[in-house]
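Visitor: Dropping in query20.cif, which is mmCIF, C-alpha atoms and all ligand atoms:
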```cif
data_target
#
loop_
_atom_site.label_atom_id
_atom_site.label_comp_id
_atom_site.auth_asym_id
_atom_site.auth_seq_id
_atom_site.Cartn_x
_atom_site.Cartn_y
_atom_site.Cartn_z
CA MET A 19 -9.47 -11.77 39.53
CA ALA A 20 -10.23 -9.12 36.89
CA ASN A 21 -13.91 -9.51 37.86
CA GLN A 22 -14.85 -10.14 34.22
CA TYR A 23 -16.21 -13.64 34.76
CA GLN A 24 -19.89 -14.62 34.72
CA MET A 25 -19.82 -14.77 38.52
CA SER A 26 -17.91 -12.75 41.10
CA VAL A 27 -16.07 -14.03 44.15
CA PRO A 28 -16.29 -11.70 47.15
CA VAL A 29 -12.95 -10.03 47.89
CA PRO A 30 -10.55 -10.68 49.47
CA PHE A 31 -10.06 -14.22 48.20
CA VAL A 32 -7.26 -16.68 47.42
CA PRO A 33 -7.34 -17.56 43.70
CA GLY A 34 -7.08 -21.05 42.21
CA SER A 35 -9.75 -23.57 41.28
CA GLU A 36 -8.02 -26.94 41.11
CA PHE A 37 -5.47 -28.81 43.14
CA ALA A 38 -3.97 -32.14 44.14
CA GLY A 39 -2.63 -33.06 47.55
CA VAL A 40 -2.84 -35.25 50.63
CA VAL A 41 -5.61 -35.24 53.24
CA THR A 42 -4.27 -34.04 56.60
CA GLU A 43 -7.52 -34.00 58.58
CA ALA A 44 -11.14 -35.11 58.14
CA GLY A 45 -13.92 -33.27 59.92
CA PRO A 46 -16.44 -34.97 62.21
CA GLY A 47 -18.82 -37.25 60.33
CA VAL A 48 -16.70 -37.36 57.17
CA SER A 49 -16.50 -40.84 55.68
CA GLY A 50 -14.64 -42.05 52.63
CA PHE A 51 -11.52 -39.95 53.14
CA GLY A 52 -8.89 -39.91 55.86
CA PRO A 53 -5.42 -38.61 56.60
CA GLY A 54 -2.83 -39.71 54.06
CA ASP A 55 -5.23 -40.16 51.14
CA ARG A 56 -3.99 -38.67 47.85
CA VAL A 57 -6.81 -36.54 46.49
CA MET A 58 -7.62 -34.11 43.71
CA GLY A 59 -10.43 -31.60 43.60
CA THR A 60 -11.96 -28.38 42.36
CA LEU A 61 -13.41 -25.36 44.09
CA MET A 62 -14.34 -21.84 42.99
CA ALA A 63 -11.36 -20.18 44.72
CA GLY A 64 -8.68 -20.97 47.29
CA ALA A 65 -6.43 -23.53 45.58
CA PHE A 66 -3.27 -21.37 45.36
CA ALA A 67 -2.38 -22.32 48.93
CA GLU A 68 -0.59 -24.82 51.16
CA GLU A 69 -3.93 -26.00 52.58
CA VAL A 70 -7.55 -25.99 51.48
CA VAL A 71 -10.68 -26.89 53.44
CA LEU A 72 -13.58 -28.24 51.44
CA ALA A 73 -16.50 -30.66 51.38
CA PRO A 74 -15.71 -34.31 50.50
CA ARG A 75 -18.11 -34.19 47.53
CA SER A 76 -15.57 -31.88 45.80
CA LEU A 77 -12.79 -34.48 46.16
CA SER A 78 -11.82 -37.66 44.39
CA ARG A 79 -8.93 -40.04 44.92
CA ILE A 80 -5.91 -39.74 42.66
CA PRO A 81 -5.69 -43.03 40.74
CA ALA A 82 -2.55 -45.09 41.43
CA GLY A 83 0.25 -44.22 39.05
CA VAL A 84 -1.07 -40.72 38.28
CA SER A 85 1.28 -37.89 39.29
CA ASP A 86 0.22 -34.96 41.47
CA GLU A 87 0.87 -32.66 38.51
CA SER A 88 -1.43 -34.61 36.20
CA ALA A 89 -4.09 -34.83 38.91
CA ALA A 90 -3.95 -31.09 39.64
CA ALA A 91 -4.12 -30.25 35.93
CA PHE A 92 -7.06 -32.54 35.19
CA GLY A 93 -9.91 -31.10 37.24
CA VAL A 94 -11.40 -28.22 35.27
CA ALA A 95 -10.10 -28.30 31.72
CA HIS A 96 -10.53 -32.00 30.94
CA ARG A 97 -13.91 -32.25 32.61
CA THR A 98 -15.16 -29.19 30.73
CA ALA A 99 -13.82 -30.46 27.41
CA TYR A 100 -15.17 -33.98 27.93
CA HIS A 101 -18.67 -32.88 28.90
CA ALA A 102 -18.65 -30.56 25.88
CA LEU A 103 -17.75 -33.37 23.50
CA ARG A 104 -19.65 -36.24 25.08
CA THR A 105 -22.84 -34.69 26.47
CA ILE A 106 -23.31 -31.33 24.76
CA ALA A 107 -22.09 -32.22 21.24
CA ALA A 108 -22.81 -35.99 21.45
CA ALA A 109 -19.61 -36.60 19.45
CA GLN A 110 -19.35 -39.80 17.40
CA PRO A 111 -16.17 -41.51 16.18
CA GLY A 112 -15.06 -40.28 12.77
CA GLU A 113 -16.68 -36.84 13.09
CA ARG A 114 -14.68 -33.75 12.22
CA LEU A 115 -13.89 -31.53 15.20
CA VAL A 116 -12.50 -27.98 15.17
CA VAL A 117 -11.00 -26.77 18.47
CA LEU A 118 -10.38 -23.04 18.92
CA GLY A 119 -7.77 -21.92 21.46
CA ALA A 120 -6.22 -25.34 20.97
CA GLY A 121 -3.06 -24.43 22.90
CA GLY A 122 -5.00 -23.40 26.02
CA GLY A 123 -6.12 -25.50 28.97
CA VAL A 124 -9.63 -26.39 27.76
CA GLY A 125 -8.63 -26.33 24.08
CA LEU A 126 -5.73 -28.74 24.42
CA ALA A 127 -7.85 -31.02 26.60
CA ALA A 128 -10.50 -31.01 23.85
CA VAL A 129 -7.82 -31.95 21.31
CA GLN A 130 -6.60 -34.87 23.46
CA LEU A 131 -10.07 -36.12 24.32
CA GLY A 132 -11.40 -35.63 20.78
CA ALA A 133 -8.56 -37.80 19.48
CA VAL A 134 -9.25 -40.46 22.14
CA LEU A 135 -12.93 -40.46 21.11
CA GLY A 136 -11.87 -41.14 17.53
CA LEU A 137 -12.62 -37.70 16.08
CA ASP A 138 -10.72 -36.07 13.23
CA VAL A 139 -9.35 -33.03 15.08
CA THR A 140 -8.32 -29.70 13.59
CA ALA A 141 -6.54 -27.45 16.10
CA VAL A 142 -6.73 -23.66 15.72
CA ALA A 143 -4.18 -21.60 17.68
CA SER A 144 -2.14 -18.41 17.52
CA SER A 145 1.36 -19.87 17.19
CA ASP A 146 3.21 -22.73 15.56
CA ASP A 147 4.57 -23.76 18.99
CA LYS A 148 1.03 -24.25 20.30
CA LEU A 149 0.05 -26.14 17.15
CA ALA A 150 3.07 -28.43 17.46
CA VAL A 151 1.89 -29.46 20.93
CA ALA A 152 -1.70 -29.88 19.68
CA LEU A 153 -0.47 -32.14 16.87
CA ALA A 154 1.56 -34.16 19.38
CA CYS A 155 -1.60 -34.44 21.51
CA GLY A 156 -3.60 -36.01 18.71
CA ALA A 157 -4.75 -33.27 16.31
CA ALA A 158 -4.67 -34.35 12.66
CA ASN A 159 -4.38 -30.77 11.36
CA GLY A 160 -3.31 -27.40 12.70
CA VAL A 161 -4.30 -23.89 11.59
CA ASN A 162 -2.38 -20.80 12.76
CA HIS A 163 -4.96 -18.00 12.65
CA LYS A 164 -2.32 -15.34 13.45
CA GLY A 165 -0.22 -16.38 10.46
CA MET A 166 -2.93 -15.37 7.98
CA PRO A 167 -2.34 -12.21 5.94
CA GLY A 168 -4.47 -9.04 5.97
CA GLY A 169 -6.64 -7.31 8.53
CA PRO A 170 -9.21 -8.92 10.85
CA ALA A 171 -11.81 -9.38 8.07
CA GLU A 172 -9.33 -11.05 5.69
CA ARG A 173 -8.04 -13.25 8.52
CA GLN A 174 -11.61 -14.28 9.34
CA ARG A 175 -12.21 -15.22 5.70
CA GLY A 176 -8.84 -16.99 5.58
CA LEU A 177 -9.71 -19.05 8.64
CA ARG A 178 -13.13 -19.95 7.25
CA ASP A 179 -11.54 -21.09 3.96
CA GLU A 180 -8.81 -23.00 5.80
CA LEU A 181 -11.46 -24.86 7.83
CA HIS A 182 -13.27 -25.97 4.65
CA PRO A 183 -16.79 -24.48 4.56
CA ASP A 184 -19.43 -27.11 5.36
CA GLY A 185 -16.75 -29.55 6.49
CA THR A 186 -16.97 -29.49 10.27
CA ASP A 187 -19.30 -31.53 12.50
CA ILE A 188 -18.39 -29.97 15.86
CA VAL A 189 -16.73 -26.73 17.00
CA ILE A 190 -15.44 -26.35 20.56
CA ASP A 191 -14.99 -22.64 21.33
CA PRO A 192 -13.35 -21.47 24.58
CA VAL A 193 -12.14 -18.22 22.90
CA GLY A 194 -15.03 -16.32 21.26
CA GLY A 195 -14.06 -13.02 19.62
CA ASP A 196 -13.28 -13.00 15.90
CA LEU A 197 -12.70 -16.74 15.65
CA ALA A 198 -16.22 -17.89 16.51
CA GLU A 199 -18.06 -16.84 13.35
CA PRO A 200 -15.67 -18.32 10.76
CA ALA A 201 -15.61 -21.54 12.78
CA LEU A 202 -19.40 -21.64 12.86
CA ARG A 203 -19.46 -21.00 9.10
CA SER A 204 -17.33 -24.11 8.62
CA LEU A 205 -20.06 -26.32 10.13
CA CYS A 206 -21.84 -28.85 7.95
CA TRP A 207 -25.61 -29.33 8.02
CA ALA A 208 -26.79 -30.15 11.54
CA GLY A 209 -23.35 -29.41 12.98
CA ARG A 210 -22.89 -28.51 16.65
CA PHE A 211 -21.19 -25.39 17.99
CA VAL A 212 -20.30 -25.47 21.70
CA SER A 213 -19.63 -22.12 23.37
CA ILE A 214 -17.46 -22.67 26.45
CA GLY A 215 -15.85 -19.32 27.21
CA TYR A 216 -14.57 -15.99 25.96
CA ALA A 217 -10.83 -15.99 26.61
CA SER A 218 -10.40 -13.37 23.87
CA GLY A 219 -12.31 -10.93 26.09
CA THR A 220 -15.06 -10.50 23.47
CA ILE A 221 -18.41 -12.27 23.46
CA PRO A 222 -19.13 -12.87 19.75
CA LYS A 223 -22.39 -11.80 18.12
CA ILE A 224 -23.40 -14.42 15.57
CA PRO A 225 -25.88 -13.64 12.72
CA LEU A 226 -28.80 -15.97 13.54
CA ASN A 227 -29.49 -16.70 9.88
CA LEU A 228 -26.30 -18.79 9.85
CA VAL A 229 -27.97 -21.15 12.31
CA LEU A 230 -31.03 -21.33 10.05
CA LEU A 231 -29.02 -21.93 6.89
CA LYS A 232 -26.90 -24.66 8.44
CA GLY A 233 -29.57 -26.33 10.54
CA CYS A 234 -26.92 -26.30 13.23
CA THR A 235 -27.15 -26.32 17.02
CA VAL A 236 -25.43 -23.73 19.20
CA ARG A 237 -25.16 -24.71 22.85
CA GLY A 238 -23.21 -23.43 25.81
CA PHE A 239 -22.89 -24.64 29.35
CA GLN A 240 -21.25 -23.98 32.69
CA MET A 241 -19.94 -26.95 34.61
CA ARG A 242 -21.92 -26.20 37.76
CA ASP A 243 -25.22 -25.91 35.82
CA LEU A 244 -24.61 -29.11 33.91
CA SER A 245 -24.17 -31.06 37.14
CA ALA A 246 -27.48 -29.64 38.42
CA HIS A 247 -29.48 -30.20 35.22
CA GLU A 248 -27.99 -33.36 33.70
CA PRO A 249 -26.62 -35.29 36.68
CA GLN A 250 -26.82 -38.71 35.01
CA ALA A 251 -24.83 -37.62 31.97
CA VAL A 252 -22.27 -35.94 34.23
CA ARG A 253 -21.90 -39.13 36.32
CA ARG A 254 -21.34 -41.18 33.16
CA ASP A 255 -18.80 -38.65 31.84
CA GLU A 256 -16.97 -38.56 35.20
CA ALA A 257 -16.67 -42.35 35.26
CA GLU A 258 -15.32 -42.41 31.70
CA LEU A 259 -12.89 -39.60 32.48
CA HIS A 260 -11.64 -41.40 35.56
CA GLU A 261 -10.91 -44.45 33.41
CA LEU A 262 -9.08 -42.32 30.82
CA LEU A 263 -6.90 -40.73 33.52
CA SER A 264 -6.19 -43.88 35.51
CA SER A 265 -5.37 -45.95 32.41
CA GLY A 266 -2.92 -43.30 31.20
CA LYS A 267 -4.83 -42.88 27.92
CA VAL A 268 -4.99 -39.17 28.70
CA VAL A 269 -2.14 -37.32 30.40
CA PRO A 270 -2.71 -33.55 30.78
CA HIS A 271 -0.05 -31.45 29.09
CA VAL A 272 1.73 -29.26 31.66
CA GLY A 273 3.45 -26.51 29.70
CA ALA A 274 5.08 -24.68 32.62
CA ALA A 275 5.58 -24.95 36.38
CA PHE A 276 6.18 -22.19 38.94
CA LYS A 277 6.65 -22.06 42.71
CA LEU A 278 3.68 -20.99 44.81
CA SER A 279 5.61 -17.80 45.64
CA GLU A 280 5.76 -17.10 41.89
CA ALA A 281 1.98 -17.30 41.43
CA ALA A 282 1.83 -13.76 40.03
CA SER A 283 4.39 -14.64 37.34
CA ALA A 284 2.42 -17.79 36.52
CA LEU A 285 -0.73 -15.74 36.08
CA ARG A 286 1.16 -13.24 33.90
CA HIS A 287 2.40 -16.19 31.77
CA VAL A 288 -1.22 -17.25 31.19
CA ALA A 289 -2.58 -13.72 30.67
CA ASP A 290 0.12 -12.98 28.08
CA GLY A 291 -1.01 -15.98 26.05
CA LYS A 292 2.29 -17.82 26.56
CA ALA A 293 0.83 -20.83 28.37
CA ILE A 294 0.51 -24.11 26.51
CA GLY A 295 -1.88 -26.55 28.15
CA LYS A 296 -1.91 -26.21 31.92
CA VAL A 297 0.39 -24.19 34.20
CA ILE A 298 1.24 -25.72 37.57
CA LEU A 299 2.13 -24.11 40.91
CA ARG A 300 4.41 -26.31 43.02
CA VAL A 301 3.65 -26.00 46.72
CA GLY A 302 6.45 -26.86 49.16
N1 LIG B 401 -18.07 -23.22 30.59
C1 LIG B 401 -17.33 -23.71 31.55
O1 LIG B 401 -17.80 -24.46 32.41
C2 LIG B 401 -15.87 -23.38 31.56
C3 LIG B 401 -14.95 -24.21 32.24
C4 LIG B 401 -13.59 -23.89 32.18
C5 LIG B 401 -13.17 -22.76 31.47
N2 LIG B 401 -14.09 -21.96 30.87
C6 LIG B 401 -13.68 -20.78 30.13
O2 LIG B 401 -13.00 -21.19 28.95
C7 LIG B 401 -12.06 -20.20 28.57
C8 LIG B 401 -10.71 -20.86 28.32
O3 LIG B 401 -10.21 -21.38 29.53
P1 LIG B 401 -8.75 -22.02 29.55
O4 LIG B 401 -8.55 -22.55 30.89
O5 LIG B 401 -8.59 -22.90 28.38
O6 LIG B 401 -7.85 -20.71 29.34
P2 LIG B 401 -6.36 -20.62 28.80
O7 LIG B 401 -5.59 -21.84 29.17
O8 LIG B 401 -5.86 -19.29 29.20
O9 LIG B 401 -6.53 -20.67 27.21
C9 LIG B 401 -7.25 -19.67 26.53
C10 LIG B 401 -6.84 -19.65 25.07
O10 LIG B 401 -7.60 -18.62 24.45
C11 LIG B 401 -6.84 -17.97 23.46
N3 LIG B 401 -6.90 -16.50 23.58
C12 LIG B 401 -7.25 -15.66 22.60
N4 LIG B 401 -7.21 -14.39 22.99
C13 LIG B 401 -6.81 -14.41 24.25
C14 LIG B 401 -6.57 -13.38 25.20
N5 LIG B 401 -6.77 -12.08 24.90
N6 LIG B 401 -6.15 -13.75 26.42
C15 LIG B 401 -5.96 -15.04 26.75
N7 LIG B 401 -6.21 -16.08 25.88
C16 LIG B 401 -6.62 -15.74 24.64
C17 LIG B 401 -5.40 -18.46 23.62
O11 LIG B 401 -5.18 -19.27 22.51
P3 LIG B 401 -4.42 -18.71 21.22
O12 LIG B 401 -3.10 -18.17 21.70
O13 LIG B 401 -4.28 -19.88 20.36
O14 LIG B 401 -5.29 -17.65 20.65
C18 LIG B 401 -5.38 -19.31 24.87
O15 LIG B 401 -4.60 -20.46 24.69
C19 LIG B 401 -12.05 -19.16 29.67
O16 LIG B 401 -12.83 -18.08 29.25
C20 LIG B 401 -12.69 -19.88 30.84
O17 LIG B 401 -13.36 -18.98 31.68
C21 LIG B 401 -15.41 -22.26 30.90
#
```
Go ahead and render the structure in this file as structure tokens.
Guide:
Amino acid sequence: MANQYQMSVPVPFVPGSEFAGVVTEAGPGVSGFGPGDRVMGTLMAGAFAEEVVLAPRSLSRIPAGVSDESAAAFGVAHRTAYHALRTIAAAQPGERLVVLGAGGGVGLAAVQLGAVLGLDVTAVASSDDKLAVALACGAANGVNHKGMPGGPAERQRGLRDELHPDGTDIVIDPVGGDLAEPALRSLCWAGRFVSIGYASGTIPKIPLNLVLLKGCTVRGFQMRDLSAHEPQAVRRDEAELHELLSSGKVVPHVGAAFKLSEAASALRHVADGKAIGKVILRVG
């Protein structure tokens, strides 16, 4: 909506990228879905609405026993976090994972999924409230980067020291800004740094010699590109995710709920950094 994303949506548009609901109509030639089916899905824009129209390939059935709220909250953040851990970072049980923005949608999903994959998760967030939720969602440790004394440079050094230099196997970074470099410095030899987004508003500039010295890998991805370039890995990840959701091993954390008519307040809640996990709009 601020038009600061990698891609623009032509205006005017209805915001919202993920939803859950019930099929009311299927177009001619559509098979696999019919009226009454409970479905969840993702689209670039249009989900903050009573009705959406979209292609069946963007839909999946909500597993029995999964609430509409969990289904709506699952689409983008958990898929992004799981692909990052499973396909991009090739995470292995027992590895040490640092998650930046651990109170946010993608960050908290990465904490939950990292714990389910058997990783030793350190959550980094800006408040003790966010860290408390991250710890409840499976993080073994929490680091409050805002609580560190001094200016930005001292806080960066403090975060690097707190994360134990050379002690991290994988960093998941949906935030960028000042947090990225100290997190990368905490990587061990051949560690993996996954750049997912820049919620801080600043795309970090990393000294390339750090990559040389650590023998580490820095990779980023966008969901839509991953599906196009690594379809087999995405299919495997989707199947595993479906099992995690339907078995109840992973339940998205919904930190707040608003009415559809309060969508602007919900967006303000997120933009002000108050959201923990996902924020839901209740329609009807
Ligand atoms: N690559 C992909 O395919 C993909 C997919 C989904 C999302 N993304 C991107 O990933 C990023 C995170 O998405 P999300 O859904 O997790 O967002 P979110 O729920 O809003 O969480 C973002 C987190 O970033 C931190 N943050 C630091 N400075 C911030 C600022 N100025 N404004 C807002 N947040 C700030 C906050 O954590 P603290 O309070 O702890 O600092 C917040 O919890 C976004 O940039 C999004 O575009 C990318």
Visitor: Please determine, counting all atoms listed in the file, which residue among A:Ala82, A:Ala128, A:Ala246, A:Leu137 has the shortest atom-to-atom distance to ligand LIG 401 (chain B).
Guide: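 Distance minimum relative to ligand LIG 401 (chain B) lands on A:Ala128.
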Visitor: Using all atoms listed in the file, find each protein or nucleic acid residue lying at most 6 Å from ligand LIG 401 (chain B); present the set as a ChimeraX atom specification.
Guide: /A:94-95,98,119-125,143-144,192-193,214-219,239-241,288-289,291
Visitor: Between CA of Gly233 in chain A and CA of Asp184 in chain A, what is the distance, to one decimal in Å?
Guide: 11.4 Å
Visitor: With a cut-off of 8 Å, could you pull out the residues of range 50-157 of chain A touching range 263-282 of chain A and give me the nearest pair of atoms for each, distance in Å to one decimal, using only C-alpha atoms, ordered by chain and ascending number, as a tab-separated table?
Guide:
```
residue	atom	partner	partner_atom	distance
A:Phe66	CA	A:Leu278	CA	7.0
A:Ala67	CA	A:Leu278	CA	7.4
A:Pro81	CA	A:Ser264	CA	5.3
A:Ala82	CA	A:Ser264	CA	7.1
A:Gly83	CA	A:Ser264	CA	7.4
A:Val84	CA	A:Ser264	CA	6.6
A:Glu87	CA	A:Val272	CA	7.7
A:Ser88	CA	A:Pro270	CA	5.7
A:Ala91	CA	A:Pro270	CA	6.3
A:Phe92	CA	A:Pro270	CA	6.3
A:His96	CA	A:Pro270	CA	8.0
A:Leu126	CA	A:His271	CA	7.8
A:Ala127	CA	A:Pro270	CA	7.1
A:Gln130	CA	A:Val268	CA	7.0
A:Leu131	CA	A:Val268	CA	7.4
A:Val134	CA	A:Lys267	CA	7.7
```
Visitor: What gap, in Å, lies between CA of Lys296 in chain A and CA of Gly160 in chain A?
Guide: 19.3 Å
Visitor: May I ask which of the residues A:Arg300, A:Val252, A:Val139, A:Thr42 is the closest one to His101 in chain A, counting all atoms listed in the file?
Guide: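 Closest residue, counting all atoms listed in the file: A:Val252.
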Visitor: For Gly39 in chain A, work out the shell of residues within 8 Å, counting only C-alpha atoms and skipping chain neighbours fewer than 2 positions away, then give it as a count of residues only.
Guide: 6
Visitor: With only C-alpha atoms as the counted atoms, please give the residues lying no more than 8 Å from range 108-115 of chain A, apart from itself and same-chain residues fewer than 6 positions off, as an NGL selection string.
Guide: :A and (132 or 135-140 or 185-190)
Visitor: Please determine, counting all atoms listed in the file, which residue among A:Asp191, A:Glu68, A:Asn159, A:Phe51 has the shortest atom-to-atom distance to Val117 in chain A.
Guide: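 Result for the nearest residue to Val117 in chain A: A:Asp191.
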Visitor: Name all residues at most 7 Å from range 165-177 of chain A (count all atoms listed in the file; drop same-chain ones fewer than 5 positions away) and give them as a VMD selection string.
Guide: chain A and resid 196 to 197 200
Visitor: Which residue out of A:Val212, A:Cys206, A:Tyr23, A:Ala257 has the minimum interatomic distance to Lys232 in chain A when all atoms listed in the file are used?
Guide: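 Closest candidate: A:Cys206.
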